[in-house]
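One file, model-v4.pdb, carrying PDB, N, CA and C atoms:
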ATOM      1  N   MET A 201    -195.393  29.204 275.537
ATOM      2  CA  MET A 201    -194.537  29.293 274.365
ATOM      3  C   MET A 201    -193.104  28.992 274.794
ATOM      4  N   MET A 202    -192.435  28.179 274.016
ATOM      5  CA  MET A 202    -191.045  27.837 274.287
ATOM      6  C   MET A 202    -190.162  28.521 273.252
ATOM      7  N   LEU A 203    -189.109  29.185 273.697
ATOM      8  CA  LEU A 203    -188.156  29.827 272.804
ATOM      9  C   LEU A 203    -186.909  28.970 272.710
ATOM     10  N   LEU A 204    -186.426  28.770 271.482
ATOM     11  CA  LEU A 204    -185.187  28.038 271.267
ATOM     12  C   LEU A 204    -184.117  29.016 270.794
ATOM     13  N   PRO A 205    -182.893  28.891 271.310
ATOM     14  CA  PRO A 205    -181.826  29.814 270.923
ATOM     15  C   PRO A 205    -181.177  29.395 269.604
ATOM     16  N   CYS A 206    -181.364  30.198 268.570
ATOM     17  CA  CYS A 206    -180.701  29.960 267.284
ATOM     18  C   CYS A 206    -179.445  30.837 267.240
ATOM     19  N   PRO A 207    -178.266  30.256 266.967
ATOM     20  CA  PRO A 207    -177.043  31.059 266.954
ATOM     21  C   PRO A 207    -177.016  32.095 265.836
ATOM     22  N   TRP A 208    -177.819  31.902 264.794
ATOM     23  CA  TRP A 208    -177.825  32.835 263.677
ATOM     24  C   TRP A 208    -178.967  33.850 263.759
ATOM     25  N   CYS A 209    -180.115  33.442 264.274
ATOM     26  CA  CYS A 209    -181.309  34.300 264.276
ATOM     27  C   CYS A 209    -181.694  34.828 265.653
ATOM     28  N   GLY A 210    -181.093  34.300 266.709
ATOM     29  CA  GLY A 210    -181.479  34.683 268.059
ATOM     30  C   GLY A 210    -182.607  33.797 268.567
ATOM     31  N   PRO A 211    -183.186  34.124 269.723
ATOM     32  CA  PRO A 211    -184.271  33.311 270.279
ATOM     33  C   PRO A 211    -185.503  33.324 269.375
ATOM     34  N   ARG A 212    -186.027  32.137 269.091
ATOM     35  CA  ARG A 212    -187.183  32.006 268.206
ATOM     36  C   ARG A 212    -188.191  31.028 268.802
ATOM     37  N   ASN A 213    -189.434  31.172 268.376
ATOM     38  CA  ASN A 213    -190.517  30.297 268.812
ATOM     39  C   ASN A 213    -190.247  28.876 268.328
ATOM     40  N   VAL A 214    -190.550  27.903 269.161
ATOM     41  CA  VAL A 214    -190.303  26.507 268.832
ATOM     42  C   VAL A 214    -191.065  26.074 267.577
ATOM     43  N   SER A 215    -192.153  26.759 267.238
ATOM     44  CA  SER A 215    -192.936  26.386 266.058
ATOM     45  C   SER A 215    -192.161  26.605 264.752
ATOM     46  N   GLU A 216    -191.057  27.355 264.786
ATOM     47  CA  GLU A 216    -190.230  27.555 263.595
ATOM     48  C   GLU A 216    -189.268  26.398 263.356
ATOM     49  N   PHE A 217    -189.162  25.485 264.314
ATOM     50  CA  PHE A 217    -188.172  24.411 264.270
ATOM     51  C   PHE A 217    -188.836  23.054 264.071
ATOM     52  N   THR A 218    -188.049  22.112 263.573
ATOM     53  CA  THR A 218    -188.439  20.710 263.492
ATOM     54  C   THR A 218    -187.467  19.918 264.358
ATOM     55  N   TYR A 219    -188.022  19.073 265.222
ATOM     56  CA  TYR A 219    -187.204  18.287 266.139
ATOM     57  C   TYR A 219    -186.457  17.208 265.368
ATOM     58  N   GLY A 220    -185.150  17.145 265.557
ATOM     59  CA  GLY A 220    -184.330  16.160 264.858
ATOM     60  C   GLY A 220    -183.928  14.972 265.712
ATOM     61  N   GLY A 221    -184.132  15.069 267.010
ATOM     62  CA  GLY A 221    -183.834  13.942 267.882
ATOM     63  C   GLY A 221    -182.656  14.172 268.795
ATOM     64  N   GLU A 222    -182.497  13.228 269.687
ATOM     65  CA  GLU A 222    -181.409  13.248 270.658
ATOM     66  C   GLU A 222    -180.083  12.983 269.947
ATOM     67  N   ARG A 223    -179.051  13.692 270.339
ATOM     68  CA  ARG A 223    -177.731  13.496 269.736
ATOM     69  C   ARG A 223    -177.098  12.219 270.282
ATOM     70  N   THR A 224    -176.701  11.352 269.374
ATOM     71  CA  THR A 224    -176.020  10.121 269.758
ATOM     72  C   THR A 224    -174.829   9.928 268.832
ATOM     73  N   PRO A 225    -173.734   9.365 269.330
ATOM     74  CA  PRO A 225    -172.574   9.146 268.460
ATOM     75  C   PRO A 225    -172.866   8.088 267.401
ATOM     76  N   ARG A 226    -172.483   8.375 266.170
ATOM     77  CA  ARG A 226    -172.732   7.455 265.051
ATOM     78  C   ARG A 226    -171.680   6.351 265.047
ATOM     79  N   PRO A 227    -172.092   5.099 264.885
ATOM     80  CA  PRO A 227    -171.104   4.019 264.830
ATOM     81  C   PRO A 227    -170.296   4.072 263.534
ATOM     82  N   ASP A 228    -169.136   3.469 263.562
ATOM     83  CA  ASP A 228    -168.274   3.405 262.379
ATOM     84  C   ASP A 228    -168.906   2.464 261.357
ATOM     85  N   PRO A 229    -169.230   2.952 260.157
ATOM     86  CA  PRO A 229    -169.884   2.088 259.162
ATOM     87  C   PRO A 229    -169.062   0.859 258.772
ATOM     88  N   ALA A 230    -167.750   0.956 258.855
ATOM     89  CA  ALA A 230    -166.905  -0.166 258.441
ATOM     90  C   ALA A 230    -166.894  -1.306 259.456
ATOM     91  N   THR A 231    -167.139  -1.001 260.718
ATOM     92  CA  THR A 231    -166.999  -2.040 261.742
ATOM     93  C   THR A 231    -168.271  -2.288 262.558
ATOM     94  N   ALA A 232    -169.328  -1.520 262.343
ATOM     95  CA  ALA A 232    -170.533  -1.648 263.164
ATOM     96  C   ALA A 232    -171.304  -2.929 262.841
ATOM     97  N   THR A 233    -171.814  -3.532 263.877
ATOM     98  CA  THR A 233    -172.636  -4.728 263.722
ATOM     99  C   THR A 233    -174.095  -4.295 263.515
ATOM    100  N   PRO A 234    -174.946  -5.186 263.037
ATOM    101  CA  PRO A 234    -176.367  -4.842 262.916
ATOM    102  C   PRO A 234    -176.993  -4.406 264.236
ATOM    103  N   ALA A 235    -176.566  -5.013 265.348
ATOM    104  CA  ALA A 235    -177.106  -4.620 266.657
ATOM    105  C   ALA A 235    -176.708  -3.190 267.011
ATOM    106  N   GLU A 236    -175.484  -2.798 266.684
ATOM    107  CA  GLU A 236    -175.042  -1.414 266.947
ATOM    108  C   GLU A 236    -175.834  -0.422 266.103
ATOM    109  N   TRP A 237    -176.096  -0.757 264.847
ATOM    110  CA  TRP A 237    -176.907   0.129 264.002
ATOM    111  C   TRP A 237    -178.339   0.227 264.526
ATOM    112  N   ARG A 238    -178.903  -0.888 264.959
ATOM    113  CA  ARG A 238    -180.252  -0.883 265.501
ATOM    114  C   ARG A 238    -180.338   0.023 266.734
ATOM    115  N   ASP A 239    -179.356  -0.085 267.628
ATOM    116  CA  ASP A 239    -179.334   0.779 268.809
ATOM    117  C   ASP A 239    -179.191   2.248 268.422
ATOM    118  N   TYR A 240    -178.332   2.537 267.447
ATOM    119  CA  TYR A 240    -178.133   3.914 267.001
ATOM    120  C   TYR A 240    -179.417   4.502 266.407
ATOM    121  N   LEU A 241    -180.134   3.713 265.630
ATOM    122  CA  LEU A 241    -181.320   4.229 264.934
ATOM    123  C   LEU A 241    -182.569   4.278 265.806
ATOM    124  N   TYR A 242    -182.726   3.347 266.730
ATOM    125  CA  TYR A 242    -184.008   3.216 267.419
ATOM    126  C   TYR A 242    -183.992   3.389 268.934
ATOM    127  N   THR A 243    -182.839   3.266 269.575
ATOM    128  CA  THR A 243    -182.795   3.334 271.031
ATOM    129  C   THR A 243    -182.421   4.740 271.481
ATOM    130  N   ARG A 244    -183.212   5.290 272.386
ATOM    131  CA  ARG A 244    -182.948   6.611 272.954
ATOM    132  C   ARG A 244    -182.842   6.487 274.459
ATOM    133  N   ARG A 245    -182.018   7.359 275.062
ATOM    134  CA  ARG A 245    -181.827   7.317 276.513
ATOM    135  C   ARG A 245    -183.045   7.868 277.235
ATOM    136  N   ASN A 246    -183.660   8.924 276.712
ATOM    137  CA  ASN A 246    -184.848   9.533 277.310
ATOM    138  C   ASN A 246    -184.626   9.853 278.789
ATOM    139  N   THR A 247    -183.551  10.577 279.056
ATOM    140  CA  THR A 247    -183.156  10.867 280.429
ATOM    141  C   THR A 247    -183.906  12.061 281.003
ATOM    142  N   ARG A 248    -183.930  12.128 282.306
ATOM    143  CA  ARG A 248    -184.411  13.321 282.990
ATOM    144  C   ARG A 248    -183.222  14.253 283.143
ATOM    145  N   GLY A 249    -183.431  15.502 282.829
ATOM    146  CA  GLY A 249    -182.346  16.465 282.974
ATOM    147  C   GLY A 249    -181.885  16.974 281.617
ATOM    148  N   TRP A 250    -180.639  17.411 281.563
ATOM    149  CA  TRP A 250    -180.100  18.016 280.347
ATOM    150  C   TRP A 250    -179.786  16.956 279.302
ATOM    151  N   THR A 251    -180.199  17.224 278.073
ATOM    152  CA  THR A 251    -179.896  16.349 276.950
ATOM    153  C   THR A 251    -179.620  17.203 275.726
ATOM    154  N   ALA A 252    -178.683  16.769 274.891
ATOM    155  CA  ALA A 252    -178.357  17.481 273.657
ATOM    156  C   ALA A 252    -179.277  16.978 272.548
ATOM    157  N   GLU A 253    -179.881  17.916 271.819
ATOM    158  CA  GLU A 253    -180.832  17.575 270.761
ATOM    159  C   GLU A 253    -180.491  18.345 269.494
ATOM    160  N   THR A 254    -180.873  17.784 268.373
ATOM    161  CA  THR A 254    -180.719  18.462 267.094
ATOM    162  C   THR A 254    -182.073  19.020 266.671
ATOM    163  N   TRP A 255    -182.086  20.277 266.258
ATOM    164  CA  TRP A 255    -183.296  20.938 265.768
ATOM    165  C   TRP A 255    -182.969  21.567 264.421
ATOM    166  N   TYR A 256    -183.930  21.562 263.499
ATOM    167  CA  TYR A 256    -183.767  22.179 262.185
ATOM    168  C   TYR A 256    -184.619  23.442 262.148
ATOM    169  N   HIS A 257    -183.975  24.583 261.870
ATOM    170  CA  HIS A 257    -184.681  25.869 261.832
ATOM    171  C   HIS A 257    -185.216  26.112 260.414
ATOM    172  N   GLY A 258    -186.255  25.397 260.063
ATOM    173  CA  GLY A 258    -186.819  25.445 258.716
ATOM    174  C   GLY A 258    -187.501  26.750 258.356
ATOM    175  N   ASN A 259    -188.097  27.443 259.326
ATOM    176  CA  ASN A 259    -188.775  28.703 259.046
ATOM    177  C   ASN A 259    -187.882  29.900 259.347
ATOM    178  N   GLY A 260    -186.586  29.689 259.343
ATOM    179  CA  GLY A 260    -185.638  30.759 259.614
ATOM    180  C   GLY A 260    -184.417  30.611 258.729
ATOM    181  N   CYS A 261    -183.283  30.350 259.342
ATOM    182  CA  CYS A 261    -182.005  30.297 258.630
ATOM    183  C   CYS A 261    -181.754  28.969 257.918
ATOM    184  N   ARG A 262    -182.627  27.987 258.127
ATOM    185  CA  ARG A 262    -182.517  26.658 257.504
ATOM    186  C   ARG A 262    -181.214  25.941 257.865
ATOM    187  N   GLN A 263    -180.833  26.088 259.115
ATOM    188  CA  GLN A 263    -179.628  25.432 259.630
ATOM    189  C   GLN A 263    -180.023  24.405 260.693
ATOM    190  N   HIS A 264    -179.203  23.384 260.825
ATOM    191  CA  HIS A 264    -179.368  22.437 261.931
ATOM    192  C   HIS A 264    -178.668  23.023 263.147
ATOM    193  N   VAL A 265    -179.337  22.977 264.281
ATOM    194  CA  VAL A 265    -178.843  23.594 265.505
ATOM    195  C   VAL A 265    -178.807  22.535 266.607
ATOM    196  N   VAL A 266    -177.727  22.516 267.364
ATOM    197  CA  VAL A 266    -177.648  21.629 268.535
ATOM    198  C   VAL A 266    -178.005  22.466 269.754
ATOM    199  N   ILE A 267    -179.009  22.017 270.469
ATOM    200  CA  ILE A 267    -179.509  22.739 271.639
ATOM    201  C   ILE A 267    -179.575  21.774 272.810
ATOM    202  N   GLU A 268    -179.130  22.219 273.965
ATOM    203  CA  GLU A 268    -179.314  21.430 275.176
ATOM    204  C   GLU A 268    -180.634  21.844 275.804
ATOM    205  N   ARG A 269    -181.467  20.853 276.148
ATOM    206  CA  ARG A 269    -182.779  21.127 276.733
ATOM    207  C   ARG A 269    -182.947  20.288 277.987
ATOM    208  N   HIS A 270    -183.464  20.911 279.034
ATOM    209  CA  HIS A 270    -183.775  20.191 280.269
ATOM    210  C   HIS A 270    -185.155  19.570 280.074
ATOM    211  N   THR A 271    -185.235  18.262 280.141
ATOM    212  CA  THR A 271    -186.469  17.564 279.777
ATOM    213  C   THR A 271    -187.604  17.752 280.770
ATOM    214  N   LEU A 272    -187.314  18.184 281.981
ATOM    215  CA  LEU A 272    -188.383  18.411 282.953
ATOM    216  C   LEU A 272    -188.925  19.831 282.904
ATOM    217  N   THR A 273    -188.042  20.815 282.686
ATOM    218  CA  THR A 273    -188.452  22.217 282.745
ATOM    219  C   THR A 273    -188.524  22.893 281.386
ATOM    220  N   ASN A 274    -188.024  22.242 280.329
ATOM    221  CA  ASN A 274    -187.908  22.800 278.974
ATOM    222  C   ASN A 274    -187.000  24.023 278.918
ATOM    223  N   GLU A 275    -186.161  24.228 279.932
ATOM    224  CA  GLU A 275    -185.152  25.280 279.875
ATOM    225  C   GLU A 275    -184.162  24.896 278.785
ATOM    226  N   THR A 276    -183.713  25.871 278.003
ATOM    227  CA  THR A 276    -182.789  25.570 276.893
ATOM    228  C   THR A 276    -181.535  26.409 277.002
ATOM    229  N   ARG A 277    -180.474  25.878 276.379
ATOM    230  CA  ARG A 277    -179.235  26.630 276.243
ATOM    231  C   ARG A 277    -178.557  26.188 274.951
ATOM    232  N   SER A 278    -177.947  27.133 274.279
ATOM    233  CA  SER A 278    -177.317  26.873 272.994
ATOM    234  C   SER A 278    -175.975  26.209 273.184
ATOM    235  N   THR A 279    -175.625  25.295 272.298
ATOM    236  CA  THR A 279    -174.298  24.676 272.322
ATOM    237  C   THR A 279    -173.501  25.016 271.078
ATOM    238  N   SER A 280    -174.126  25.647 270.104
ATOM    239  CA  SER A 280    -173.446  25.982 268.846
ATOM    240  C   SER A 280    -172.670  27.272 268.960
TER     241      SER A 280
END
Go ahead and render the structure in this file as structure tokens.
Amino acid sequence: MMLLPCPWCGPRNVSEFTYGGERTPRPDPATATPAEWRDYLYTRRNTRGWTAETWYHGNGCRQHVVIERHTLTNETRSTS
């Protein structure tokens, strides 16, 4: 069982959350090219080690939470 740290509810089972994906900076809509949008929407770094991810706590406080997770060990730490 993996516990995710929710800043509002405390540590909760991962089954209460929906994975929102890796955090990436959004391009400027006024100046972004189609290639930049394609990279933003479909390309992920998929790194080994710590990565910032967005999770939605749907079975709890219904808030989006940013959590750092180590991709090899599933160790987590809250960033919110």
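What the PyMOL selection byres ((chain A and resi 254-270) around 7) matches in the given file is Cys206, Pro207, Trp208, Cys209, Ser215, Glu216, Phe217, Thr218, Tyr219, Gly220, Gly221, Glu222, Arg223, Arg248, Gly249, Trp250, Thr251, Ala252, Glu253, Thr271, Leu272, Thr273, Asn274, Glu275, Thr276, Arg277, Ser278, Thr279 and Ser280 of chain A.
Here atom C of Met202 of chain A is placed at a distance of 22.2 Å from atom C of Arg245 of chain A.
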Report the residues of chain A whose backbone DSSP state falls under strand (DSSP E), written as a PyMOL selection string. chain A and resi 203-206+210-213+218-222+250-256+264-270+276-278
With N, CA and C atoms kept, could you save the residues just selected as a PDB file, in the coordinates of the input?
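Writing done, so here's result24.pdb:
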ATOM      1  N   LEU A 203    -189.109  29.185 273.697  1.00  0.00           N
ATOM      2  CA  LEU A 203    -188.156  29.827 272.804  1.00  0.00           C
ATOM      3  C   LEU A 203    -186.909  28.970 272.710  1.00  0.00           C
ATOM      4  N   LEU A 204    -186.426  28.770 271.482  1.00  0.00           N
ATOM      5  CA  LEU A 204    -185.187  28.038 271.267  1.00  0.00           C
ATOM      6  C   LEU A 204    -184.117  29.016 270.794  1.00  0.00           C
ATOM      7  N   PRO A 205    -182.893  28.891 271.310  1.00  0.00           N
ATOM      8  CA  PRO A 205    -181.826  29.814 270.923  1.00  0.00           C
ATOM      9  C   PRO A 205    -181.177  29.395 269.604  1.00  0.00           C
ATOM     10  N   CYS A 206    -181.364  30.198 268.570  1.00  0.00           N
ATOM     11  CA  CYS A 206    -180.701  29.960 267.284  1.00  0.00           C
ATOM     12  C   CYS A 206    -179.445  30.837 267.240  1.00  0.00           C
ATOM     13  N   GLY A 210    -181.093  34.300 266.709  1.00  0.00           N
ATOM     14  CA  GLY A 210    -181.479  34.683 268.059  1.00  0.00           C
ATOM     15  C   GLY A 210    -182.607  33.797 268.567  1.00  0.00           C
ATOM     16  N   PRO A 211    -183.186  34.124 269.723  1.00  0.00           N
ATOM     17  CA  PRO A 211    -184.271  33.311 270.279  1.00  0.00           C
ATOM     18  C   PRO A 211    -185.503  33.324 269.375  1.00  0.00           C
ATOM     19  N   ARG A 212    -186.027  32.137 269.091  1.00  0.00           N
ATOM     20  CA  ARG A 212    -187.183  32.006 268.206  1.00  0.00           C
ATOM     21  C   ARG A 212    -188.191  31.028 268.802  1.00  0.00           C
ATOM     22  N   ASN A 213    -189.434  31.172 268.376  1.00  0.00           N
ATOM     23  CA  ASN A 213    -190.517  30.297 268.812  1.00  0.00           C
ATOM     24  C   ASN A 213    -190.247  28.876 268.328  1.00  0.00           C
ATOM     25  N   THR A 218    -188.049  22.112 263.573  1.00  0.00           N
ATOM     26  CA  THR A 218    -188.439  20.710 263.492  1.00  0.00           C
ATOM     27  C   THR A 218    -187.467  19.918 264.358  1.00  0.00           C
ATOM     28  N   TYR A 219    -188.022  19.073 265.222  1.00  0.00           N
ATOM     29  CA  TYR A 219    -187.204  18.287 266.139  1.00  0.00           C
ATOM     30  C   TYR A 219    -186.457  17.208 265.368  1.00  0.00           C
ATOM     31  N   GLY A 220    -185.150  17.145 265.557  1.00  0.00           N
ATOM     32  CA  GLY A 220    -184.330  16.160 264.858  1.00  0.00           C
ATOM     33  C   GLY A 220    -183.928  14.972 265.712  1.00  0.00           C
ATOM     34  N   GLY A 221    -184.132  15.069 267.010  1.00  0.00           N
ATOM     35  CA  GLY A 221    -183.834  13.942 267.882  1.00  0.00           C
ATOM     36  C   GLY A 221    -182.656  14.172 268.795  1.00  0.00           C
ATOM     37  N   GLU A 222    -182.497  13.228 269.687  1.00  0.00           N
ATOM     38  CA  GLU A 222    -181.409  13.248 270.658  1.00  0.00           C
ATOM     39  C   GLU A 222    -180.083  12.983 269.947  1.00  0.00           C
ATOM     40  N   TRP A 250    -180.639  17.411 281.563  1.00  0.00           N
ATOM     41  CA  TRP A 250    -180.100  18.016 280.347  1.00  0.00           C
ATOM     42  C   TRP A 250    -179.786  16.956 279.302  1.00  0.00           C
ATOM     43  N   THR A 251    -180.199  17.224 278.073  1.00  0.00           N
ATOM     44  CA  THR A 251    -179.896  16.349 276.950  1.00  0.00           C
ATOM     45  C   THR A 251    -179.620  17.203 275.726  1.00  0.00           C
ATOM     46  N   ALA A 252    -178.683  16.769 274.891  1.00  0.00           N
ATOM     47  CA  ALA A 252    -178.357  17.481 273.657  1.00  0.00           C
ATOM     48  C   ALA A 252    -179.277  16.978 272.548  1.00  0.00           C
ATOM     49  N   GLU A 253    -179.881  17.916 271.819  1.00  0.00           N
ATOM     50  CA  GLU A 253    -180.832  17.575 270.761  1.00  0.00           C
ATOM     51  C   GLU A 253    -180.491  18.345 269.494  1.00  0.00           C
ATOM     52  N   THR A 254    -180.873  17.784 268.373  1.00  0.00           N
ATOM     53  CA  THR A 254    -180.719  18.462 267.094  1.00  0.00           C
ATOM     54  C   THR A 254    -182.073  19.020 266.671  1.00  0.00           C
ATOM     55  N   TRP A 255    -182.086  20.277 266.258  1.00  0.00           N
ATOM     56  CA  TRP A 255    -183.296  20.938 265.768  1.00  0.00           C
ATOM     57  C   TRP A 255    -182.969  21.567 264.421  1.00  0.00           C
ATOM     58  N   TYR A 256    -183.930  21.562 263.499  1.00  0.00           N
ATOM     59  CA  TYR A 256    -183.767  22.179 262.185  1.00  0.00           C
ATOM     60  C   TYR A 256    -184.619  23.442 262.148  1.00  0.00           C
ATOM     61  N   HIS A 264    -179.203  23.384 260.825  1.00  0.00           N
ATOM     62  CA  HIS A 264    -179.368  22.437 261.931  1.00  0.00           C
ATOM     63  C   HIS A 264    -178.668  23.023 263.147  1.00  0.00           C
ATOM     64  N   VAL A 265    -179.337  22.977 264.281  1.00  0.00           N
ATOM     65  CA  VAL A 265    -178.843  23.594 265.505  1.00  0.00           C
ATOM     66  C   VAL A 265    -178.807  22.535 266.607  1.00  0.00           C
ATOM     67  N   VAL A 266    -177.727  22.516 267.364  1.00  0.00           N
ATOM     68  CA  VAL A 266    -177.648  21.629 268.535  1.00  0.00           C
ATOM     69  C   VAL A 266    -178.005  22.466 269.754  1.00  0.00           C
ATOM     70  N   ILE A 267    -179.009  22.017 270.469  1.00  0.00           N
ATOM     71  CA  ILE A 267    -179.509  22.739 271.639  1.00  0.00           C
ATOM     72  C   ILE A 267    -179.575  21.774 272.810  1.00  0.00           C
ATOM     73  N   GLU A 268    -179.130  22.219 273.965  1.00  0.00           N
ATOM     74  CA  GLU A 268    -179.314  21.430 275.176  1.00  0.00           C
ATOM     75  C   GLU A 268    -180.634  21.844 275.804  1.00  0.00           C
ATOM     76  N   ARG A 269    -181.467  20.853 276.148  1.00  0.00           N
ATOM     77  CA  ARG A 269    -182.779  21.127 276.733  1.00  0.00           C
ATOM     78  C   ARG A 269    -182.947  20.288 277.987  1.00  0.00           C
ATOM     79  N   HIS A 270    -183.464  20.911 279.034  1.00  0.00           N
ATOM     80  CA  HIS A 270    -183.775  20.191 280.269  1.00  0.00           C
ATOM     81  C   HIS A 270    -185.155  19.570 280.074  1.00  0.00           C
ATOM     82  N   THR A 276    -183.713  25.871 278.003  1.00  0.00           N
ATOM     83  CA  THR A 276    -182.789  25.570 276.893  1.00  0.00           C
ATOM     84  C   THR A 276    -181.535  26.409 277.002  1.00  0.00           C
ATOM     85  N   ARG A 277    -180.474  25.878 276.379  1.00  0.00           N
ATOM     86  CA  ARG A 277    -179.235  26.630 276.243  1.00  0.00           C
ATOM     87  C   ARG A 277    -178.557  26.188 274.951  1.00  0.00           C
ATOM     88  N   SER A 278    -177.947  27.133 274.279  1.00  0.00           N
ATOM     89  CA  SER A 278    -177.317  26.873 272.994  1.00  0.00           C
ATOM     90  C   SER A 278    -175.975  26.209 273.184  1.00  0.00           C
TER      91      SER A 278
END
State, in Å with one decimal place, the distance from atom CA of Val214 of chain A to atom C of Met201 of chain A.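 Separation of atom CA of Val214 of chain A and atom C of Met201 of chain A: 7.0 Å.
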For atom CA of Arg212 of chain A and atom C of Thr224 of chain A, quote the distance in Å rounded to one decimal.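 Distance between the two atoms: 25.3 Å.
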In chain A, DSSP alpha helix (DSSP H) residues written as an NGL selection string: :A and (234-242)
If I wrap all listed atoms of segment 252-270 of chain A in a box with edges along x, y and z and add 6 Å on each side, what are its centre and edge lengths in Å to one decimal, as AutoDock Vina command-line options?
--center_x -183.2 --center_y 23.8 --center_z 268.9 --size_x 23.1 --size_y 26.0 --size_z 34.8
